[in-house]
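Data from structure_30.json: JSON, C-alpha atoms and all ligand atoms
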```json
[["chain", "number", "residue", "atom", "x", "y", "z"],
["K", 1, "MET", "CA", 48.22, 215.88, -19.79],
["K", 2, "SER", "CA", 45.93, 218.12, -17.80],
["K", 3, "ARG", "CA", 43.18, 216.78, -15.57],
["K", 4, "ILE", "CA", 40.01, 218.66, -14.66],
["K", 5, "ILE", "CA", 37.51, 217.45, -12.08],
["K", 6, "VAL", "CA", 33.88, 218.54, -12.29],
["K", 7, "THR", "CA", 31.70, 218.05, -9.19],
["K", 8, "ALA", "CA", 27.94, 218.43, -8.75],
["K", 9, "SER", "CA", 25.55, 217.35, -6.02],
["K", 10, "THR", "CA", 22.82, 215.63, -8.05],
["K", 11, "ARG", "CA", 22.66, 213.46, -11.17],
["K", 12, "MET", "CA", 20.63, 215.98, -13.19],
["K", 13, "GLU", "CA", 23.37, 218.57, -12.64],
["K", 14, "LEU", "CA", 25.84, 216.40, -14.63],
["K", 15, "SER", "CA", 23.71, 214.32, -16.99],
["K", 16, "GLU", "CA", 23.88, 216.63, -20.03],
["K", 17, "LEU", "CA", 27.63, 217.15, -19.58],
["K", 18, "LEU", "CA", 28.20, 213.39, -19.55],
["K", 19, "VAL", "CA", 26.40, 213.08, -22.88],
["K", 20, "ALA", "CA", 28.10, 216.16, -24.40],
["K", 21, "THR", "CA", 31.59, 214.83, -23.54],
["K", 22, "SER", "CA", 30.79, 211.14, -24.28],
["K", 23, "ALA", "CA", 31.92, 210.30, -20.75],
["K", 24, "SER", "CA", 31.99, 206.70, -19.57],
["K", 25, "ALA", "CA", 31.70, 205.24, -16.07],
["K", 26, "LEU", "CA", 34.97, 205.20, -14.12],
["K", 27, "PRO", "CA", 34.97, 202.30, -11.66],
["K", 28, "GLY", "CA", 36.57, 202.46, -8.22],
["K", 29, "GLY", "CA", 34.87, 205.53, -6.72],
["K", 30, "GLY", "CA", 33.12, 203.46, -4.06],
["K", 31, "HIS", "CA", 30.15, 205.48, -2.82],
["K", 32, "LEU", "CA", 31.15, 208.30, -5.21],
["K", 33, "PRO", "CA", 29.82, 207.76, -8.77],
["K", 34, "LEU", "CA", 32.55, 208.81, -11.25],
["K", 35, "HIS", "CA", 32.66, 209.28, -15.03],
["K", 36, "ARG", "CA", 35.60, 210.05, -17.27],
["K", 37, "ALA", "CA", 36.02, 211.73, -20.65],
["K", 38, "ASP", "CA", 38.89, 212.72, -22.95],
["K", 39, "LEU", "CA", 38.60, 216.26, -24.23],
["K", 40, "ARG", "CA", 41.24, 217.82, -26.48],
["K", 41, "GLY", "CA", 43.99, 215.81, -24.82],
["K", 42, "ALA", "CA", 42.78, 216.55, -21.28],
["K", 43, "GLU", "CA", 41.16, 214.10, -18.89],
["K", 44, "ILE", "CA", 37.86, 215.25, -17.39],
["K", 45, "ILE", "CA", 36.55, 213.39, -14.33],
["K", 46, "PHE", "CA", 32.94, 213.98, -13.31],
["K", 47, "ALA", "CA", 31.93, 213.23, -9.71],
["K", 48, "LEU", "CA", 28.45, 213.08, -8.24],
["K", 49, "THR", "CA", 29.03, 214.20, -4.65],
["K", 50, "GLY", "CA", 25.58, 214.24, -3.06],
["K", 51, "LEU", "CA", 23.97, 217.20, -1.34],
["K", 52, "GLY", "CA", 25.57, 219.55, 1.17],
["K", 53, "LYS", "CA", 28.97, 220.49, 2.57],
["K", 54, "VAL", "CA", 29.92, 217.16, 4.16],
["K", 55, "ASN", "CA", 29.33, 215.19, 0.97],
["K", 56, "ALA", "CA", 31.06, 217.87, -1.10],
["K", 57, "ALA", "CA", 34.11, 218.09, 1.19],
["K", 58, "SER", "CA", 34.58, 214.34, 1.52],
["K", 59, "ALA", "CA", 34.29, 213.90, -2.26],
["K", 60, "ALA", "CA", 36.66, 216.81, -2.98],
["K", 61, "THR", "CA", 39.22, 215.38, -0.55],
["K", 62, "LEU", "CA", 39.09, 211.92, -2.11],
["K", 63, "LEU", "CA", 39.36, 213.43, -5.60],
["K", 64, "CYS", "CA", 42.29, 215.73, -4.76],
["K", 65, "GLU", "CA", 44.17, 212.91, -3.00],
["K", 66, "ARG", "CA", 43.59, 210.31, -5.68],
["K", 67, "TYR", "CA", 43.69, 212.32, -8.89],
["K", 68, "ALA", "CA", 45.71, 215.50, -8.09],
["K", 69, "PRO", "CA", 43.72, 217.55, -10.62],
["K", 70, "ASP", "CA", 44.96, 220.76, -12.25],
["K", 71, "LEU", "CA", 41.55, 222.39, -11.79],
["K", 72, "MET", "CA", 38.36, 221.72, -9.77],
["K", 73, "VAL", "CA", 35.05, 222.89, -11.24],
["K", 74, "ASN", "CA", 31.97, 222.89, -9.01],
["K", 75, "THR", "CA", 28.64, 223.25, -10.77],
["K", 76, "GLY", "CA", 24.88, 222.80, -10.42],
["K", 77, "CYS", "CA", 21.97, 225.07, -9.73],
["K", 78, "GLY", "CA", 21.64, 227.87, -7.20],
["K", 79, "GLY", "CA", 19.36, 230.53, -5.83],
["K", 80, "ALA", "CA", 19.88, 234.20, -6.76],
["K", 81, "PHE", "CA", 19.68, 236.94, -4.14],
["K", 82, "ALA", "CA", 17.50, 240.00, -4.71],
["K", 83, "GLY", "CA", 19.61, 242.84, -6.09],
["K", 84, "SER", "CA", 22.16, 240.48, -7.65],
["K", 85, "GLY", "CA", 21.08, 241.33, -11.19],
["K", 86, "LEU", "CA", 20.39, 237.62, -11.74],
["K", 87, "THR", "CA", 17.11, 236.01, -12.76],
["K", 88, "VAL", "CA", 16.07, 232.39, -13.30],
["K", 89, "GLY", "CA", 17.95, 230.84, -16.24],
["K", 90, "ASP", "CA", 21.01, 233.10, -15.88],
["K", 91, "LEU", "CA", 24.53, 231.93, -15.04],
["K", 92, "ALA", "CA", 26.38, 232.91, -11.86],
["K", 93, "VAL", "CA", 30.18, 232.75, -11.66],
["K", 94, "ALA", "CA", 31.73, 232.85, -8.18],
["K", 95, "ASP", "CA", 34.52, 235.31, -7.42],
["K", 96, "SER", "CA", 34.64, 233.96, -3.84],
["K", 97, "GLU", "CA", 32.81, 231.51, -1.64],
["K", 98, "CYS", "CA", 31.59, 231.86, 1.93],
["K", 99, "LEU", "CA", 30.59, 229.60, 4.81],
["K", 100, "ALA", "CA", 27.58, 231.84, 5.37],
["K", 101, "ASP", "CA", 25.92, 230.13, 8.32],
["K", 102, "GLU", "CA", 28.95, 229.07, 10.34],
["K", 103, "GLY", "CA", 29.36, 231.38, 13.32],
["K", 104, "VAL", "CA", 27.79, 232.31, 16.62],
["K", 105, "GLN", "CA", 24.23, 233.39, 17.43],
["K", 106, "THR", "CA", 24.81, 235.99, 20.17],
["K", 107, "PRO", "CA", 22.20, 237.88, 22.23],
["K", 108, "THR", "CA", 22.87, 240.87, 19.96],
["K", 109, "GLY", "CA", 22.73, 239.01, 16.65],
["K", 110, "TRP", "CA", 24.62, 236.58, 14.41],
["K", 111, "ARG", "CA", 28.41, 236.85, 14.21],
["K", 112, "GLY", "CA", 30.91, 235.10, 11.94],
["K", 113, "LEU", "CA", 33.75, 232.73, 12.84],
["K", 114, "ASP", "CA", 36.09, 235.68, 13.45],
["K", 115, "LEU", "CA", 34.27, 236.10, 16.78],
["K", 116, "ILE", "CA", 35.54, 232.69, 17.85],
["K", 117, "GLY", "CA", 38.94, 233.63, 16.47],
["K", 118, "ILE", "CA", 39.85, 230.19, 15.13],
["K", 119, "PRO", "CA", 40.32, 230.22, 11.34],
["K", 120, "VAL", "CA", 38.93, 227.39, 9.15],
["K", 121, "TYR", "CA", 42.09, 227.69, 7.06],
["K", 122, "GLU", "CA", 45.51, 229.06, 7.83],
["K", 123, "GLY", "CA", 48.28, 229.03, 5.24],
["K", 124, "ARG", "CA", 50.06, 230.97, 2.50],
["K", 125, "GLY", "CA", 50.03, 234.03, 4.77],
["K", 126, "GLU", "CA", 46.23, 233.92, 5.19],
["K", 127, "ARG", "CA", 43.87, 233.26, 8.11],
["K", 128, "LEU", "CA", 40.40, 232.59, 6.73],
["K", 129, "PHE", "CA", 37.22, 232.59, 8.76],
["K", 130, "ASN", "CA", 34.04, 232.51, 6.64],
["K", 131, "ARG", "CA", 35.16, 233.77, 3.24],
["K", 132, "ILE", "CA", 37.04, 231.35, 0.93],
["K", 133, "PRO", "CA", 38.86, 232.93, -2.02],
["K", 134, "LEU", "CA", 38.65, 231.44, -5.52],
["K", 135, "ASP", "CA", 40.96, 231.79, -8.51],
["K", 136, "LEU", "CA", 39.94, 235.17, -9.97],
["K", 137, "GLU", "CA", 41.67, 234.71, -13.29],
["K", 138, "VAL", "CA", 39.86, 231.41, -13.89],
["K", 139, "ALA", "CA", 36.56, 233.03, -12.84],
["K", 140, "ARG", "CA", 37.04, 236.04, -15.14],
["K", 141, "ARG", "CA", 37.86, 233.75, -18.08],
["K", 142, "ALA", "CA", 34.64, 231.81, -17.42],
["K", 143, "LEU", "CA", 32.63, 235.04, -17.27],
["K", 144, "ASP", "CA", 34.17, 236.24, -20.56],
["K", 145, "CYS", "CA", 33.45, 232.90, -22.19],
["K", 146, "ALA", "CA", 29.82, 233.04, -20.99],
["K", 147, "MET", "CA", 29.28, 236.60, -22.27],
["K", 148, "THR", "CA", 30.93, 235.81, -25.61],
["K", 149, "GLY", "CA", 28.72, 232.75, -25.91],
["K", 150, "GLY", "CA", 25.57, 234.86, -25.47],
["K", 151, "PHE", "CA", 24.76, 233.68, -21.93],
["K", 152, "LYS", "CA", 23.51, 236.19, -19.37],
["K", 153, "ALA", "CA", 26.02, 235.89, -16.56],
["K", 154, "VAL", "CA", 26.97, 237.75, -13.40],
["K", 155, "MET", "CA", 30.14, 237.28, -11.37],
["K", 156, "GLY", "CA", 30.08, 237.85, -7.61],
["K", 157, "PRO", "CA", 30.36, 236.27, -4.16],
["K", 158, "PHE", "CA", 28.55, 232.99, -3.48],
["K", 159, "LEU", "CA", 27.14, 232.03, -0.08],
["K", 160, "THR", "CA", 27.06, 228.37, 0.98],
["K", 161, "VAL", "CA", 24.47, 227.36, 3.59],
["K", 162, "SER", "CA", 23.37, 224.24, 5.42],
["K", 163, "THR", "CA", 19.80, 225.52, 5.63],
["K", 164, "CYS", "CA", 18.40, 226.64, 2.28],
["K", 165, "SER", "CA", 16.82, 230.12, 2.61],
["K", 166, "GLY", "CA", 13.14, 229.42, 2.02],
["K", 167, "THR", "CA", 12.09, 232.95, 3.00],
["K", 168, "ALA", "CA", 12.94, 236.38, 1.60],
["K", 169, "ARG", "CA", 13.66, 237.43, 5.18],
["K", 170, "GLN", "CA", 16.38, 234.79, 5.60],
["K", 171, "GLY", "CA", 17.91, 235.97, 2.30],
["K", 172, "GLU", "CA", 18.02, 239.53, 3.67],
["K", 173, "GLU", "CA", 19.59, 238.24, 6.91],
["K", 174, "LEU", "CA", 22.35, 236.48, 4.94],
["K", 175, "LEU", "CA", 23.05, 239.64, 2.92],
["K", 176, "ARG", "CA", 23.42, 241.61, 6.15],
["K", 177, "ARG", "CA", 26.17, 239.14, 7.09],
["K", 178, "PHE", "CA", 28.02, 238.95, 3.76],
["K", 179, "PRO", "CA", 27.71, 240.31, 0.21],
["K", 180, "GLY", "CA", 26.31, 237.65, -2.13],
["K", 181, "VAL", "CA", 24.78, 236.99, -5.53],
["K", 182, "CYS", "CA", 24.07, 233.24, -5.34],
["K", 183, "GLU", "CA", 23.16, 230.78, -2.58],
["K", 184, "ASN", "CA", 24.06, 227.09, -2.71],
["K", 185, "MET", "CA", 24.84, 224.18, -0.41],
["K", 186, "GLU", "CA", 28.26, 222.83, -1.47],
["K", 187, "GLY", "CA", 30.47, 225.51, -3.03],
["K", 188, "ALA", "CA", 32.44, 226.73, -0.01],
["K", 189, "ALA", "CA", 33.28, 223.13, 0.94],
["K", 190, "VAL", "CA", 34.75, 222.33, -2.49],
["K", 191, "ALA", "CA", 36.55, 225.71, -2.56],
["K", 192, "GLN", "CA", 38.06, 225.17, 0.90],
["K", 193, "VAL", "CA", 39.32, 221.68, 0.12],
["K", 194, "ALA", "CA", 40.76, 222.83, -3.23],
["K", 195, "LEU", "CA", 42.53, 225.68, -1.41],
["K", 196, "MET", "CA", 44.00, 223.24, 1.12],
["K", 197, "TYR", "CA", 45.44, 221.21, -1.77],
["K", 198, "GLY", "CA", 46.60, 224.31, -3.67],
["K", 199, "ILE", "CA", 44.35, 223.50, -6.64],
["K", 200, "PRO", "CA", 42.55, 226.32, -8.50],
["K", 201, "CYS", "CA", 38.79, 226.11, -8.26],
["K", 202, "LEU", "CA", 35.98, 227.46, -10.46],
["K", 203, "GLU", "CA", 32.30, 227.54, -9.49],
["K", 204, "VAL", "CA", 29.56, 228.20, -12.04],
["K", 205, "ARG", "CA", 25.86, 227.68, -11.36],
["K", 206, "GLY", "CA", 22.64, 228.01, -13.30],
["K", 207, "ILE", "CA", 20.02, 230.05, -11.45],
["K", 208, "SER", "CA", 17.05, 227.79, -10.75],
["K", 209, "ASN", "CA", 15.25, 230.07, -8.31],
["K", 210, "MET", "CA", 15.31, 233.37, -6.51],
["K", 211, "VAL", "CA", 16.02, 233.48, -2.77],
["K", 212, "GLU", "CA", 12.48, 234.33, -1.73],
["K", 213, "ASP", "CA", 9.51, 232.81, 0.10],
["K", 214, "ARG", "CA", 9.66, 229.16, -0.98],
["K", 215, "ASP", "CA", 7.39, 228.52, -3.99],
["K", 216, "LEU", "CA", 8.56, 225.50, -6.01],
["K", 217, "SER", "CA", 6.17, 226.41, -8.86],
["K", 218, "ARG", "CA", 8.57, 229.30, -9.60],
["K", 219, "TRP", "CA", 11.69, 227.09, -9.70],
["K", 220, "GLU", "CA", 13.08, 226.15, -13.12],
["K", 221, "LEU", "CA", 15.65, 223.46, -12.41],
["K", 222, "LYS", "CA", 15.61, 221.97, -15.89],
["K", 223, "ARG", "CA", 16.13, 225.30, -17.64],
["K", 224, "ALA", "CA", 18.87, 226.40, -15.22],
["K", 225, "LEU", "CA", 20.72, 223.10, -15.52],
["K", 226, "GLY", "CA", 20.34, 223.08, -19.32],
["K", 227, "GLU", "CA", 21.95, 226.53, -19.51],
["K", 228, "VAL", "CA", 24.86, 225.85, -17.16],
["K", 229, "GLN", "CA", 25.69, 222.47, -18.70],
["K", 230, "ARG", "CA", 25.50, 223.90, -22.24],
["K", 231, "PHE", "CA", 27.91, 226.63, -21.13],
["K", 232, "LEU", "CA", 30.29, 224.22, -19.38],
["K", 233, "ALA", "CA", 30.34, 221.79, -22.29],
["K", 234, "GLY", "CA", 31.84, 224.61, -24.37],
["K", 235, "HIS", "CA", 33.98, 226.13, -21.64],
["K", 236, "LEU", "CA", 35.55, 222.79, -20.69],
["K", 237, "GLU", "CA", 36.99, 222.61, -24.21],
["K", 238, "GLN", "CA", 38.64, 226.00, -23.67],
["K", 239, "LEU", "CA", 39.87, 224.94, -20.23],
["K", 240, "ALA", "CA", 41.20, 221.66, -21.61],
["K", 241, "ASP", "CA", 43.28, 223.65, -24.13],
["K", 242, "LYS", "CA", 44.54, 226.18, -21.60],
["K", 243, "THR", "CA", 44.91, 224.33, -18.30],
["K", 244, "PRO", "CA", 48.59, 223.40, -17.88],
["K", 245, "GLY", "CA", 49.09, 219.75, -17.00],
["K", 246, "THR", "CA", 52.00, 217.81, -15.61],
["K", 247, "PRO", "CA", 54.50, 217.28, -18.46],
["P", 1, "LIG", "O1", 12.87, 221.93, -1.97],
["P", 1, "LIG", "C1", 13.60, 222.84, -1.64],
["P", 1, "LIG", "O2", 13.26, 223.76, -0.88],
["P", 1, "LIG", "C2", 15.00, 222.86, -2.19],
["P", 1, "LIG", "C3", 15.91, 223.74, -1.65],
["P", 1, "LIG", "C4", 17.22, 223.78, -2.15],
["P", 1, "LIG", "C5", 17.59, 222.95, -3.21],
["P", 1, "LIG", "C6", 16.69, 222.08, -3.75],
["P", 1, "LIG", "C7", 17.05, 221.20, -4.88],
["P", 1, "LIG", "O3", 16.28, 220.40, -5.32],
["P", 1, "LIG", "C8", 18.38, 221.32, -5.54],
["P", 1, "LIG", "C9", 19.56, 220.88, -4.69],
["P", 1, "LIG", "C10", 20.83, 221.67, -5.05],
["P", 1, "LIG", "O4", 20.49, 222.93, -5.49],
["P", 1, "LIG", "C11", 21.32, 223.94, -4.99],
["P", 1, "LIG", "N1", 20.40, 225.05, -4.75],
["P", 1, "LIG", "C12", 19.52, 225.50, -5.67],
["P", 1, "LIG", "N2", 18.86, 226.55, -5.22],
["P", 1, "LIG", "C13", 19.29, 226.79, -3.97],
["P", 1, "LIG", "C14", 18.95, 227.78, -3.02],
["P", 1, "LIG", "O5", 18.11, 228.67, -3.22],
["P", 1, "LIG", "N3", 19.61, 227.72, -1.83],
["P", 1, "LIG", "C15", 20.55, 226.78, -1.58],
["P", 1, "LIG", "N4", 20.89, 225.83, -2.47],
["P", 1, "LIG", "C16", 20.28, 225.84, -3.67],
["P", 1, "LIG", "C17", 22.06, 223.34, -3.82],
["P", 1, "LIG", "O6", 23.45, 223.55, -3.97],
["P", 1, "LIG", "C18", 21.72, 221.85, -3.86],
["P", 1, "LIG", "O7", 22.83, 221.06, -4.12],
["P", 1, "LIG", "C19", 15.39, 222.00, -3.23]]
```

Represent the supplied structure as structure tokens.
Amino acid sequence: MSRIIVTASTRMELSELLVATSASALPGGGHLPLHRADLRGAEIIFALTGLGKVNAASAATLLCERYAPDLMVNTGCGGAFAGSGLTVGDLAVADSECLADEGVQTPTGWRGLDLIGIPVYEGRGERLFNRIPLDLEVARRALDCAMTGGFKAVMGPFLTVSTCSGTARQGEELLRRFPGVCENMEGAAVAQVALMYGIPCLEVRGISNMVEDRDLSRWELKRALGEVQRFLAGHLEQLADKTPGTP
């Protein structure tokens, strides 16, 4: 049977998926609220991680250790960068993740972790500094499924930050550091932990806002989360069919 874990930082990022899959509470998660559903012979575990990289990484570690999933899916909302081709209500699929504000502020500008020279991950012939790779085949399948389902979706690099970019200028600064289509606060942490455990990871977010001067009246959390959860409810069925489990 295959096992898929879906993580999100806030309750509203999972609530519609829990209803769509008839999930029920799974006791024993301690501080980590868990739900479980059966979908086409696969087990889906939903975890509410809390906001930010520390919460996401500690949850992902517990989940990988305890449940040894065949696939990790990180979801929620996110901000779209100018020039990404994304607008509010669209879907963004990550082809890679990035620890976009971990580095060194030097007298001549911001530099990434390669300046320090100590990788955040070393293994399988790779030394990774800021950029965390994701499973491209899984990402492409998600993009195809979104397009076929009539969703407007863009695939590209995601940037994970500790400080949300509440100005257009900060968005431009991040794009000078790394290419990016979508900003969020947890993705690179989940991707890094999944990589450490050798588990493929997919990240799909609904665009709730543009990365611009902060104006909450322009945010559409409900719409973005409705779109991404409607997409995932369908895509999880496909993944449940196709994700190989332990015999
Ligand atoms: O009030 C704010 O300024 C604010 C900033 C970022 C996020 C929020 C939320 O209420 C949602 C938390 C959740 O959303 C992800 N998210 C959504 N948009 C962005 C963004 O533009 N930059 C970074 N993260 C974003 C994030 O992953 C959080 O988990 C409110």

Review point. Using all atoms listed in the file, which of the listed residues (K:Ala42, K:Val93, K:Leu134, K:Ala139) sits closest to Ala191 in chain K?
Key: K:Leu134

Show me, as CSV, the residues of chain K having an atom within 8 Å of ligand LIG 1 (chain P), each with the closest atom pair and its distance in Å, using all atoms listed in the file.
```
residue,atom,partner,partner_atom,distance
K:Ala8,CA,P:LIG1,O7,7.4
K:Ser9,CA,P:LIG1,O7,5.0
K:Thr10,CA,P:LIG1,O7,6.7
K:Gly50,CA,P:LIG1,O7,7.4
K:Leu51,CA,P:LIG1,O7,4.9
K:Gly52,CA,P:LIG1,O7,6.1
K:Gly76,CA,P:LIG1,C11,6.6
K:Cys77,CA,P:LIG1,C12,4.8
K:Gly78,CA,P:LIG1,C12,3.5
K:Gly79,CA,P:LIG1,O5,3.4
K:Ala80,CA,P:LIG1,O5,6.8
K:Thr160,CA,P:LIG1,C15,7.2
K:Val161,CA,P:LIG1,C15,6.5
K:Ser162,CA,P:LIG1,C15,8.0
K:Thr163,CA,P:LIG1,C15,7.4
K:Cys164,CA,P:LIG1,N3,4.4
K:Ser165,CA,P:LIG1,N3,5.8
K:Gly166,CA,P:LIG1,O2,6.4
K:Cys182,CA,P:LIG1,O5,7.8
K:Glu183,CA,P:LIG1,N3,4.7
K:Asn184,CA,P:LIG1,N4,3.4
K:Met185,CA,P:LIG1,O6,3.9
K:Glu186,CA,P:LIG1,O6,5.5
K:Gly187,CA,P:LIG1,O6,7.3
K:Ile207,CA,P:LIG1,N2,7.2
K:Ser208,CA,P:LIG1,N2,5.9
K:Asn209,CA,P:LIG1,N2,5.9
K:Met210,CA,P:LIG1,O5,6.4
K:Val211,CA,P:LIG1,O5,5.3
K:Arg214,CA,P:LIG1,O2,6.5
K:Leu216,CA,P:LIG1,O1,6.9
K:Leu221,CA,P:LIG1,C8,7.7
```

Using all atoms listed in the file, tabulate the residues of range 45-162 of chain K lying at most 12 Å from any atom of range 17-33 of chain K, each with its closest atom pair and that distance in Å to one decimal, by chain and increasing residue number, as JSON lines.
```
{"residue": "K:Ile45", "atom": "CA", "partner": "K:Leu26", "partner_atom": "CA", "distance": 8.3}
{"residue": "K:Phe46", "atom": "CA", "partner": "K:Leu18", "partner_atom": "CA", "distance": 7.9}
{"residue": "K:Ala47", "atom": "CA", "partner": "K:Pro33", "partner_atom": "CA", "distance": 5.9}
{"residue": "K:Leu48", "atom": "CA", "partner": "K:Pro33", "partner_atom": "CA", "distance": 5.5}
{"residue": "K:Thr49", "atom": "CA", "partner": "K:Leu32", "partner_atom": "CA", "distance": 6.3}
{"residue": "K:Gly50", "atom": "CA", "partner": "K:Leu32", "partner_atom": "CA", "distance": 8.4}
{"residue": "K:Asn55", "atom": "CA", "partner": "K:Leu32", "partner_atom": "CA", "distance": 9.4}
{"residue": "K:Ala56", "atom": "CA", "partner": "K:Leu32", "partner_atom": "CA", "distance": 10.4}
{"residue": "K:Ser58", "atom": "CA", "partner": "K:Leu32", "partner_atom": "CA", "distance": 9.7}
{"residue": "K:Ala59", "atom": "CA", "partner": "K:Leu32", "partner_atom": "CA", "distance": 7.1}
{"residue": "K:Ala60", "atom": "CA", "partner": "K:Leu32", "partner_atom": "CA", "distance": 10.4}
{"residue": "K:Thr61", "atom": "CA", "partner": "K:Leu32", "partner_atom": "CA", "distance": 11.7}
{"residue": "K:Leu62", "atom": "CA", "partner": "K:Gly29", "partner_atom": "CA", "distance": 8.9}
{"residue": "K:Leu63", "atom": "CA", "partner": "K:Gly29", "partner_atom": "CA", "distance": 9.2}
{"residue": "K:Arg66", "atom": "CA", "partner": "K:Gly29", "partner_atom": "CA", "distance": 10.0}
{"residue": "K:Tyr67", "atom": "CA", "partner": "K:Gly29", "partner_atom": "CA", "distance": 11.3}
{"residue": "K:Thr75", "atom": "CA", "partner": "K:Leu17", "partner_atom": "CA", "distance": 10.8}
{"residue": "K:Gly76", "atom": "CA", "partner": "K:Leu17", "partner_atom": "CA", "distance": 11.1}
```

**Study point:** Long-range neighbours of Leu175 in chain K as a list in words, 10 Å cut-off, all atoms listed in the file, 4 positions minimum in chain
**Key:**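 Near Leu175 in chain K, the qualifying residues are Phe81, Ala82, Ala100, Leu159, Arg169, Gln170, Gly171, Pro179, Gly180 and Val181 of chain K.
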
Point to revise | Exercise: range 125-133 of chain K partners within 9 Å, only C-alpha atoms, chain neighbours under 6 positions left out, as a list of chain:residue names | key: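 Close residues of range 125-133 of chain K: K:Asp95, K:Ser96, K:Glu97, K:Cys98, K:Leu99, K:Ala100, K:Asp101, K:Glu102, K:Gly103, K:Gly112, K:Leu113, K:Asp114, K:Gly117, K:Ile118, K:Pro119, K:Leu159, K:Phe178, K:Ala188, K:Ala191, K:Gln192, K:Leu195.
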
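Residue nearest His235 in chain K, chosen from K:Ala68, K:Ala146, K:Val193, K:Leu34 and counting all atoms listed in the file: K:Ala146.
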
C-alpha atoms of range 38-72 of chain K from block above, as a CSV table (one decimal), in the first residue's frame:
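And here is the file that came out, result-v1.csv:
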```
chain,number,residue,atom,x,y,z
K,38,ASP,CA,-8.1,6.0,2.5
K,39,LEU,CA,-8.0,6.9,-1.2
K,40,ARG,CA,-8.0,4.2,-3.9
K,41,GLY,CA,-6.1,1.8,-1.7
K,42,ALA,CA,-3.5,4.4,-0.6
K,43,GLU,CA,-3.2,6.0,2.8
K,44,ILE,CA,-3.2,9.8,2.9
K,45,ILE,CA,-2.0,11.5,6.1
K,46,PHE,CA,-2.6,15.2,6.4
K,47,ALA,CA,-0.5,17.2,8.8
K,48,LEU,CA,-1.0,20.7,10.0
K,49,THR,CA,2.6,21.9,10.6
K,50,GLY,CA,2.3,25.6,11.7
K,51,LEU,CA,3.9,28.5,10.1
K,52,GLY,CA,7.6,28.8,8.9
K,53,LYS,CA,10.6,26.6,8.3
K,54,VAL,CA,11.2,25.4,11.9
K,55,ASN,CA,7.6,24.1,12.3
K,56,ALA,CA,7.7,22.6,8.8
K,57,ALA,CA,11.1,20.9,9.2
K,58,SER,CA,10.3,19.4,12.6
K,59,ALA,CA,6.9,18.1,11.3
K,60,ALA,CA,8.5,16.7,8.2
K,61,THR,CA,11.1,14.9,10.2
K,62,LEU,CA,8.6,13.4,12.6
K,63,LEU,CA,6.4,12.3,9.7
K,64,CYS,CA,9.3,10.8,7.7
K,65,GLU,CA,10.6,8.9,10.7
K,66,ARG,CA,7.3,7.6,11.9
K,67,TYR,CA,5.4,6.9,8.6
K,68,ALA,CA,8.1,6.5,5.9
K,69,PRO,CA,5.9,7.9,3.2
K,70,ASP,CA,6.3,7.2,-0.5
K,71,LEU,CA,5.6,10.9,-1.3
K,72,MET,CA,5.5,14.2,0.5
```
